[in-house]
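Each remark here refers to the structure printed beneath this line.
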Amino acid sequence: PMKMTMATAAATSAPQPAGPIYVDTQHDDFVHDAQLDFYGAKLATCSSDRTIKIYNVAGSNYEHCATLTGHEGPVWQVSWSHPKFGVILASCGFDGSVLIHRETRPREWSVLYNARGLHESSVNGIAFAPHELGLMLATASSDGTVAILTHQPDNSWSEEVIRDNALGVNSVSWAPSGAYYDADAANPETASPPRLVTGGCDNRIRFWVKSLTSAQWEEETDSPLGTAYAHSDWVRDVAWAPPLLPNVNVVASCSEDKTVLIWTQKGAGTEWNPKLLGTFDAPVWRVSWSVTGHMLAVSSGDNDVSLWKAGVDGVWSKMTTVPDTATQTAAPPPPPPQQG
């Protein structure tokens, strides 16, 4: 059975007891992702064994309560929606499918939406939008596209497609609500259009915005990327930090080049300035912000998880490394296939 430490999932959820909590997932193959829900009360894991497992979590205790099936290959990533929409979990996998699951009653789950023809190859990243935008889901695929699924009033789902880069897309992250603030707007909190950041197999991150005039997704060209640092290999993950100051935005990216970059933008339409968080001993697979945006969790190599924090001088320092006692059987995701 595959074991994992909940410290790798806890960075973006509710406060947890001191020290890592080790979960014997009972998966039969590598565990690729673990996500706590909004309240930190449910944990979802996904694996190469083609299943998703759900656990009820209370303090340092956990209880397996459901196993979700439906994928025909390894499941790479899962994402919880905001609880205002119910208990909803999205998953994506190697088979090119995206499944949206709902808990209809305690311990009973059904498939709310099955998007099997959405992508032509492996779907590597998945993320629900901020709840202020409605029930929306972004998916990133090796076919070079990002798809946006939006729940409609008649319970159907609309599909939009962003053509990102031909080599493939590994990850996607939404700009949080309040990332951009226009004090002169009628409703400053909702005046800004939806935005995304993606990480690709072309070693780049890209920013996308849904135009308020054309209603189409367009690459944001008004905010250039600084050139002080850049990734030299596949970007494995991107994560947009919760906003700390009005119109100051921070994005973390990690890569197979063993680096993590912190991109900072001070004002809408200005340059994203990159800073090197650090160079690691192995490829970096995942980055995850704390709910306050003050701390970043970094997962690299086979079993290394470290927590980082920026000082008042803007210098990043490593706070701690999570013990790897129970993570020896954990494994990073294999490279997703590129479109042939």
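By order in the structure tokens, chains are A, B, ...; within a chain, residues start at 1; ligands start at 1, following the order shown.
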Exercise for the section: Skip Leu68 in chain A itself and residues of its chain fewer than 5 positions away, then list as a PyMOL selection string all residues within 9 Å of it, counting only C-alpha atoms. Expected result: chain A and resi 50-54+101+109-110
Selected residues written out, all heavy atoms, as a compact mmCIF listing (two decimals), in the first residue's frame:
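Now in result.txt:
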# COMPACT_ATOMS: atom_id res chain seq x y z
N ARG A 50 -5.54 4.06 -11.05
CA ARG A 50 -6.75 4.53 -11.75
C ARG A 50 -7.88 4.92 -10.82
O ARG A 50 -9.02 5.14 -11.27
CB ARG A 50 -7.26 3.47 -12.75
CG ARG A 50 -6.21 2.99 -13.74
CD ARG A 50 -6.79 2.00 -14.73
NE ARG A 50 -5.77 1.55 -15.67
CZ ARG A 50 -6.01 0.82 -16.75
NH1 ARG A 50 -7.25 0.43 -17.00
NH2 ARG A 50 -5.03 0.46 -17.55
N THR A 51 -7.61 5.01 -9.53
CA THR A 51 -8.67 5.35 -8.58
C THR A 51 -8.38 6.63 -7.84
O THR A 51 -7.25 7.12 -7.80
CB THR A 51 -8.88 4.23 -7.54
OG1 THR A 51 -7.75 4.18 -6.66
CG2 THR A 51 -9.07 2.86 -8.21
N ILE A 52 -9.44 7.16 -7.23
CA ILE A 52 -9.37 8.30 -6.31
C ILE A 52 -9.93 7.83 -4.99
O ILE A 52 -10.97 7.15 -4.95
CB ILE A 52 -10.21 9.47 -6.85
CG1 ILE A 52 -9.68 9.94 -8.20
CG2 ILE A 52 -10.25 10.63 -5.86
CD1 ILE A 52 -10.73 10.56 -9.08
N LYS A 53 -9.26 8.16 -3.92
CA LYS A 53 -9.75 7.76 -2.60
C LYS A 53 -10.08 9.00 -1.77
O LYS A 53 -9.34 9.99 -1.81
CB LYS A 53 -8.74 6.87 -1.88
CG LYS A 53 -8.58 5.49 -2.56
CD LYS A 53 -7.73 4.54 -1.76
CE LYS A 53 -7.54 3.21 -2.49
NZ LYS A 53 -8.80 2.42 -2.52
N ILE A 54 -11.19 8.93 -1.06
CA ILE A 54 -11.67 10.03 -0.23
C ILE A 54 -11.59 9.61 1.23
O ILE A 54 -12.00 8.49 1.59
CB ILE A 54 -13.13 10.40 -0.58
CG1 ILE A 54 -13.29 10.60 -2.10
CG2 ILE A 54 -13.56 11.64 0.19
CD1 ILE A 54 -12.55 11.77 -2.67
N HIS A 101 -16.98 14.76 -10.00
CA HIS A 101 -17.70 13.87 -9.10
C HIS A 101 -18.44 14.70 -8.04
O HIS A 101 -17.98 15.75 -7.63
CB HIS A 101 -16.73 12.92 -8.37
CG HIS A 101 -15.67 12.34 -9.24
ND1 HIS A 101 -15.75 11.07 -9.78
CD2 HIS A 101 -14.48 12.84 -9.67
CE1 HIS A 101 -14.67 10.82 -10.49
NE2 HIS A 101 -13.88 11.88 -10.43
N TRP A 109 -21.12 8.66 -4.00
CA TRP A 109 -20.67 9.60 -5.02
C TRP A 109 -21.23 9.22 -6.38
O TRP A 109 -21.45 8.04 -6.67
CB TRP A 109 -19.14 9.63 -5.09
CG TRP A 109 -18.49 10.25 -3.89
CD1 TRP A 109 -18.36 9.70 -2.64
CD2 TRP A 109 -17.88 11.54 -3.82
NE1 TRP A 109 -17.71 10.56 -1.80
CE2 TRP A 109 -17.40 11.70 -2.49
CE3 TRP A 109 -17.68 12.56 -4.73
CZ2 TRP A 109 -16.74 12.86 -2.08
CZ3 TRP A 109 -17.02 13.71 -4.33
CH2 TRP A 109 -16.56 13.85 -3.02
N SER A 110 -21.44 10.23 -7.22
CA SER A 110 -21.84 9.99 -8.61
C SER A 110 -21.04 10.93 -9.51
O SER A 110 -20.45 11.90 -9.03
CB SER A 110 -23.35 10.25 -8.78
OG SER A 110 -23.65 11.60 -8.49
Rows by chain and residue number, range 216-296 of chain A within 12 Å of range 148-163 of chain A, shortest pair, only C-alpha atoms, as CSV:
residue,atom,partner,partner_atom,distance
A:Gln216,CA,A:Glu160,CA,8.6
A:Trp217,CA,A:Ile162,CA,6.6
A:Glu218,CA,A:Ile162,CA,7.9
A:Glu219,CA,A:Ile162,CA,9.0
Mind writing the picked residues with C-alpha atoms as an mmCIF file, in the first residue's frame?
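Once everything was written out, this is again-v2.cif:
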data_model
loop_
_atom_site.group_PDB
_atom_site.id
_atom_site.type_symbol
_atom_site.label_atom_id
_atom_site.label_comp_id
_atom_site.auth_asym_id
_atom_site.auth_seq_id
_atom_site.Cartn_x
_atom_site.Cartn_y
_atom_site.Cartn_z
ATOM 1 C CA GLN A 216 -12.578 35.380 -25.631
ATOM 2 C CA TRP A 217 -9.533 34.092 -23.760
ATOM 3 C CA GLU A 218 -6.427 35.978 -24.892
ATOM 4 C CA GLU A 219 -2.784 35.851 -23.886
#
Practice task
Once DSSP has gone over the backbone, tell me which residues of range 43-262 of chain A are in strand (DSSP E), as a PyMOL selection string.
Solution key: chain A and resi 43-47+52-58+61-68+75-80+88-93+98-105+108-115+123-128+136-141+145-151+157-163+169-174+195-200+205-210+217-219+235-240+248-255+259-262
Give me the range 27-113 of chain A side of the contact with range 283-290 of chain A, cut-off 12 Å, one line per residue showing its nearest atom pair and distance in Å at one decimal, counting only C-alpha atoms, sorted by chain and residue number, as a tab-separated table.
residue	atom	partner	partner_atom	distance
A:His32	CA	A:Trp285	CA	10.0
A:Asp33	CA	A:Arg286	CA	9.4
A:Ala34	CA	A:Arg286	CA	11.1
A:Gln35	CA	A:Ser288	CA	10.5
A:Leu36	CA	A:Ser288	CA	12.0
A:Trp76	CA	A:Trp285	CA	11.8
A:Gln77	CA	A:Arg286	CA	11.1
Write the residues of the selection above to a file with all heavy atoms, as a PDB file, in the first residue's frame.
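Contents of again24.pdb, as written:
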ATOM      1  N   HIS A  32      -0.162  10.368  -6.958  1.00  0.00           N
ATOM      2  CA  HIS A  32       0.302  11.535  -7.704  1.00  0.00           C
ATOM      3  C   HIS A  32      -0.167  12.865  -7.140  1.00  0.00           C
ATOM      4  O   HIS A  32       0.444  13.899  -7.392  1.00  0.00           O
ATOM      5  CB  HIS A  32      -0.148  11.428  -9.166  1.00  0.00           C
ATOM      6  CG  HIS A  32       0.438  10.254  -9.878  1.00  0.00           C
ATOM      7  ND1 HIS A  32       1.784  10.116 -10.117  1.00  0.00           N
ATOM      8  CD2 HIS A  32      -0.145   9.136 -10.380  1.00  0.00           C
ATOM      9  CE1 HIS A  32       2.014   8.966 -10.746  1.00  0.00           C
ATOM     10  NE2 HIS A  32       0.866   8.362 -10.899  1.00  0.00           N
ATOM     11  N   ASP A  33      -1.281  12.867  -6.396  1.00  0.00           N
ATOM     12  CA  ASP A  33      -1.779  14.131  -5.857  1.00  0.00           C
ATOM     13  C   ASP A  33      -2.570  13.865  -4.587  1.00  0.00           C
ATOM     14  O   ASP A  33      -3.122  12.767  -4.397  1.00  0.00           O
ATOM     15  CB  ASP A  33      -2.665  14.844  -6.888  1.00  0.00           C
ATOM     16  CG  ASP A  33      -2.921  16.305  -6.545  1.00  0.00           C
ATOM     17  OD1 ASP A  33      -2.157  16.865  -5.729  1.00  0.00           O
ATOM     18  OD2 ASP A  33      -3.879  16.894  -7.091  1.00  0.00           O
ATOM     19  N   ALA A  34      -2.614  14.863  -3.723  1.00  0.00           N
ATOM     20  CA  ALA A  34      -3.406  14.814  -2.494  1.00  0.00           C
ATOM     21  C   ALA A  34      -3.899  16.222  -2.206  1.00  0.00           C
ATOM     22  O   ALA A  34      -3.100  17.158  -2.184  1.00  0.00           O
ATOM     23  CB  ALA A  34      -2.564  14.295  -1.325  1.00  0.00           C
ATOM     24  N   GLN A  35      -5.216  16.367  -2.028  1.00  0.00           N
ATOM     25  CA  GLN A  35      -5.786  17.693  -1.820  1.00  0.00           C
ATOM     26  C   GLN A  35      -6.817  17.656  -0.703  1.00  0.00           C
ATOM     27  O   GLN A  35      -7.707  16.801  -0.696  1.00  0.00           O
ATOM     28  CB  GLN A  35      -6.468  18.191  -3.106  1.00  0.00           C
ATOM     29  CG  GLN A  35      -5.528  18.424  -4.273  1.00  0.00           C
ATOM     30  CD  GLN A  35      -4.605  19.600  -4.076  1.00  0.00           C
ATOM     31  OE1 GLN A  35      -4.921  20.532  -3.336  1.00  0.00           O
ATOM     32  NE2 GLN A  35      -3.454  19.575  -4.734  1.00  0.00           N
ATOM     33  N   LEU A  36      -6.687  18.597   0.234  1.00  0.00           N
ATOM     34  CA  LEU A  36      -7.698  18.795   1.266  1.00  0.00           C
ATOM     35  C   LEU A  36      -8.759  19.768   0.761  1.00  0.00           C
ATOM     36  O   LEU A  36      -8.462  20.679  -0.020  1.00  0.00           O
ATOM     37  CB  LEU A  36      -7.055  19.357   2.535  1.00  0.00           C
ATOM     38  CG  LEU A  36      -6.202  18.361   3.332  1.00  0.00           C
ATOM     39  CD1 LEU A  36      -5.257  19.109   4.251  1.00  0.00           C
ATOM     40  CD2 LEU A  36      -7.078  17.407   4.129  1.00  0.00           C
ATOM     41  N   TRP A  76      -3.806  11.890 -12.557  1.00  0.00           N
ATOM     42  CA  TRP A  76      -2.695  12.784 -12.215  1.00  0.00           C
ATOM     43  C   TRP A  76      -3.036  13.787 -11.125  1.00  0.00           C
ATOM     44  O   TRP A  76      -2.191  14.110 -10.284  1.00  0.00           O
ATOM     45  CB  TRP A  76      -2.230  13.572 -13.443  1.00  0.00           C
ATOM     46  CG  TRP A  76      -1.698  12.804 -14.597  1.00  0.00           C
ATOM     47  CD1 TRP A  76      -1.996  13.009 -15.916  1.00  0.00           C
ATOM     48  CD2 TRP A  76      -0.746  11.728 -14.592  1.00  0.00           C
ATOM     49  NE1 TRP A  76      -1.310  12.139 -16.719  1.00  0.00           N
ATOM     50  CE2 TRP A  76      -0.524  11.335 -15.932  1.00  0.00           C
ATOM     51  CE3 TRP A  76      -0.062  11.044 -13.584  1.00  0.00           C
ATOM     52  CZ2 TRP A  76       0.342  10.314 -16.299  1.00  0.00           C
ATOM     53  CZ3 TRP A  76       0.801  10.015 -13.944  1.00  0.00           C
ATOM     54  CH2 TRP A  76       0.998   9.669 -15.283  1.00  0.00           C
ATOM     55  N   GLN A  77      -4.261  14.344 -11.145  1.00  0.00           N
ATOM     56  CA  GLN A  77      -4.535  15.460 -10.248  1.00  0.00           C
ATOM     57  C   GLN A  77      -6.016  15.530  -9.915  1.00  0.00           C
ATOM     58  O   GLN A  77      -6.871  15.076 -10.687  1.00  0.00           O
ATOM     59  CB  GLN A  77      -4.073  16.786 -10.882  1.00  0.00           C
ATOM     60  CG  GLN A  77      -3.877  17.921  -9.883  1.00  0.00           C
ATOM     61  CD  GLN A  77      -3.126  19.104 -10.476  1.00  0.00           C
ATOM     62  OE1 GLN A  77      -3.021  19.255 -11.675  1.00  0.00           O
ATOM     63  NE2 GLN A  77      -2.586  19.963  -9.611  1.00  0.00           N
TER      64      GLN A  77
END
Practice task
Identify, on the basis of only C-alpha atoms, every residue whose closest approach to range 225-231 of chain A does not exceed 7 Å; exclude the query and any residue fewer than 3 positions from it along the same chain; express the result as number ranges by chain.
Solution key: A: 203-204, 255, 257, 271-275
Practice task
Determine, counting only C-alpha atoms, which protein, DNA and RNA residues have an atom within 10 Å of an atom of Thr259 in chain A; residues of the same chain fewer than 2 positions away are not included. Present the result as a ChimeraX atom specification.
Solution key: /A:230-233,235,253-257,261,276-284,300
Would you put the residues from that selection into a file with N, CA, C and O atoms, as a JSON list (two decimals), in the first residue's frame?
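For reference, result.json as written:
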[["chain", "number", "residue", "atom", "x", "y", "z"],
["A", 230, "ALA", "N", 14.78, 32.47, -16.05],
["A", 230, "ALA", "CA", 13.81, 31.73, -16.87],
["A", 230, "ALA", "C", 14.06, 30.24, -16.67],
["A", 230, "ALA", "O", 15.18, 29.82, -16.34],
["A", 231, "HIS", "N", 13.03, 29.44, -16.86],
["A", 231, "HIS", "CA", 13.20, 28.00, -16.76],
["A", 231, "HIS", "C", 13.85, 27.46, -18.03],
["A", 231, "HIS", "O", 13.63, 27.98, -19.13],
["A", 232, "SER", "N", 14.64, 26.40, -17.88],
["A", 232, "SER", "CA", 15.34, 25.80, -19.01],
["A", 232, "SER", "C", 14.83, 24.39, -19.31],
["A", 232, "SER", "O", 15.41, 23.68, -20.11],
["A", 233, "ASP", "N", 13.76, 23.98, -18.64],
["A", 233, "ASP", "CA", 13.16, 22.67, -18.87],
["A", 233, "ASP", "C", 11.66, 22.80, -18.58],
["A", 233, "ASP", "O", 11.18, 23.86, -18.22],
["A", 235, "VAL", "N", 8.09, 23.28, -17.33],
["A", 235, "VAL", "CA", 7.48, 23.83, -16.13],
["A", 235, "VAL", "C", 6.43, 22.83, -15.65],
["A", 235, "VAL", "O", 5.48, 22.53, -16.35],
["A", 253, "SER", "N", 6.49, 29.17, -9.79],
["A", 253, "SER", "CA", 6.59, 28.15, -10.84],
["A", 253, "SER", "C", 7.76, 27.23, -10.51],
["A", 253, "SER", "O", 8.76, 27.65, -9.93],
["A", 254, "CYS", "N", 7.61, 25.95, -10.87],
["A", 254, "CYS", "CA", 8.68, 24.99, -10.63],
["A", 254, "CYS", "C", 8.90, 24.15, -11.89],
["A", 254, "CYS", "O", 8.00, 24.02, -12.73],
["A", 255, "SER", "N", 10.08, 23.56, -11.98],
["A", 255, "SER", "CA", 10.48, 22.98, -13.25],
["A", 255, "SER", "C", 11.34, 21.74, -13.08],
["A", 255, "SER", "O", 11.93, 21.50, -12.01],
["A", 256, "GLU", "N", 11.44, 21.00, -14.17],
["A", 256, "GLU", "CA", 12.37, 19.87, -14.22],
["A", 256, "GLU", "C", 13.82, 20.35, -14.20],
["A", 256, "GLU", "O", 14.75, 19.55, -14.02],
["A", 257, "ASP", "N", 14.04, 21.67, -14.37],
["A", 257, "ASP", "CA", 15.40, 22.20, -14.31],
["A", 257, "ASP", "C", 15.88, 22.36, -12.85],
["A", 257, "ASP", "O", 16.93, 22.94, -12.61],
["A", 261, "LEU", "N", 10.88, 29.48, -9.29],
["A", 261, "LEU", "CA", 10.93, 30.92, -9.52],
["A", 261, "LEU", "C", 9.71, 31.57, -8.89],
["A", 261, "LEU", "O", 8.61, 31.01, -8.92],
["A", 276, "LEU", "N", 14.77, 33.95, -8.12],
["A", 276, "LEU", "CA", 15.07, 32.54, -7.90],
["A", 276, "LEU", "C", 14.87, 32.20, -6.43],
["A", 276, "LEU", "O", 15.58, 32.72, -5.56],
["A", 277, "LEU", "N", 13.88, 31.35, -6.14],
["A", 277, "LEU", "CA", 13.68, 30.89, -4.76],
["A", 277, "LEU", "C", 14.83, 29.99, -4.34],
["A", 277, "LEU", "O", 15.38, 30.12, -3.25],
["A", 278, "GLY", "N", 15.21, 29.07, -5.24],
["A", 278, "GLY", "CA", 16.32, 28.17, -4.95],
["A", 278, "GLY", "C", 16.48, 27.13, -6.02],
["A", 278, "GLY", "O", 15.61, 26.91, -6.86],
["A", 279, "THR", "N", 17.66, 26.51, -6.01],
["A", 279, "THR", "CA", 17.94, 25.38, -6.89],
["A", 279, "THR", "C", 17.97, 24.11, -6.03],
["A", 279, "THR", "O", 18.65, 24.08, -5.00],
["A", 280, "PHE", "N", 17.25, 23.09, -6.46],
["A", 280, "PHE", "CA", 17.09, 21.88, -5.67],
["A", 280, "PHE", "C", 17.96, 20.75, -6.23],
["A", 280, "PHE", "O", 18.60, 20.90, -7.28],
["A", 281, "ASP", "N", 17.98, 19.63, -5.53],
["A", 281, "ASP", "CA", 18.82, 18.50, -5.93],
["A", 281, "ASP", "C", 18.17, 17.61, -6.98],
["A", 281, "ASP", "O", 18.80, 16.69, -7.48],
["A", 282, "ALA", "N", 16.90, 17.87, -7.27],
["A", 282, "ALA", "CA", 16.16, 17.01, -8.19],
["A", 282, "ALA", "C", 15.06, 17.85, -8.84],
["A", 282, "ALA", "O", 14.79, 18.98, -8.40],
["A", 283, "PRO", "N", 14.41, 17.34, -9.89],
["A", 283, "PRO", "CA", 13.28, 18.07, -10.49],
["A", 283, "PRO", "C", 12.23, 18.43, -9.44],
["A", 283, "PRO", "O", 12.01, 17.67, -8.49],
["A", 284, "VAL", "N", 11.61, 19.59, -9.61],
["A", 284, "VAL", "CA", 10.59, 20.05, -8.67],
["A", 284, "VAL", "C", 9.21, 19.83, -9.31],
["A", 284, "VAL", "O", 8.95, 20.31, -10.41],
["A", 300, "SER", "N", 9.85, 18.14, -4.27],
["A", 300, "SER", "CA", 10.87, 17.85, -5.27],
["A", 300, "SER", "C", 11.42, 16.44, -5.08],
["A", 300, "SER", "O", 11.30, 15.85, -4.00]]
Practice task
Between CA of Gly96 in chain A and CA of Thr67 in chain A, measure the distance and give it in Å to one decimal.
Solution key: 20.2 Å
Phe94 in chain A surroundings by only C-alpha atoms, 10 Å radius, close-in-sequence under 5 positions cut, as a PDB file with C-alpha atoms, in the first residue's frame:
ATOM      1  CA  SER A  48      -1.667   5.262 -11.083  1.00  0.00           C
ATOM      2  CA  ARG A  50      -6.746   4.526 -11.749  1.00  0.00           C
ATOM      3  CA  HIS A  71     -10.582   6.760 -15.320  1.00  0.00           C
ATOM      4  CA  GLU A  72      -8.947   4.289 -17.715  1.00  0.00           C
ATOM      5  CA  GLY A  73      -5.363   5.191 -16.808  1.00  0.00           C
ATOM      6  CA  PRO A  74      -3.306   6.920 -14.113  1.00  0.00           C
ATOM      7  CA  VAL A  75      -5.068   9.825 -12.402  1.00  0.00           C
ATOM      8  CA  TRP A  76      -2.695  12.784 -12.215  1.00  0.00           C
ATOM      9  CA  SER A 121      -4.173  13.263 -24.905  1.00  0.00           C
ATOM     10  CA  SER A 122      -3.162  13.232 -21.239  1.00  0.00           C
ATOM     11  CA  VAL A 123      -4.768  15.859 -18.991  1.00  0.00           C
ATOM     12  CA  ASN A 124      -2.030  16.866 -16.553  1.00  0.00           C
ATOM     13  CA  SER A 141      -3.330  18.933 -21.436  1.00  0.00           C
ATOM     14  CA  SER A 142      -0.435  17.437 -23.366  1.00  0.00           C
ATOM     15  CA  PRO A 336       3.130  13.110 -19.490  1.00  0.00           C
ATOM     16  CA  PRO A 337       3.262  12.057 -23.154  1.00  0.00           C
TER      17      PRO A 337
END
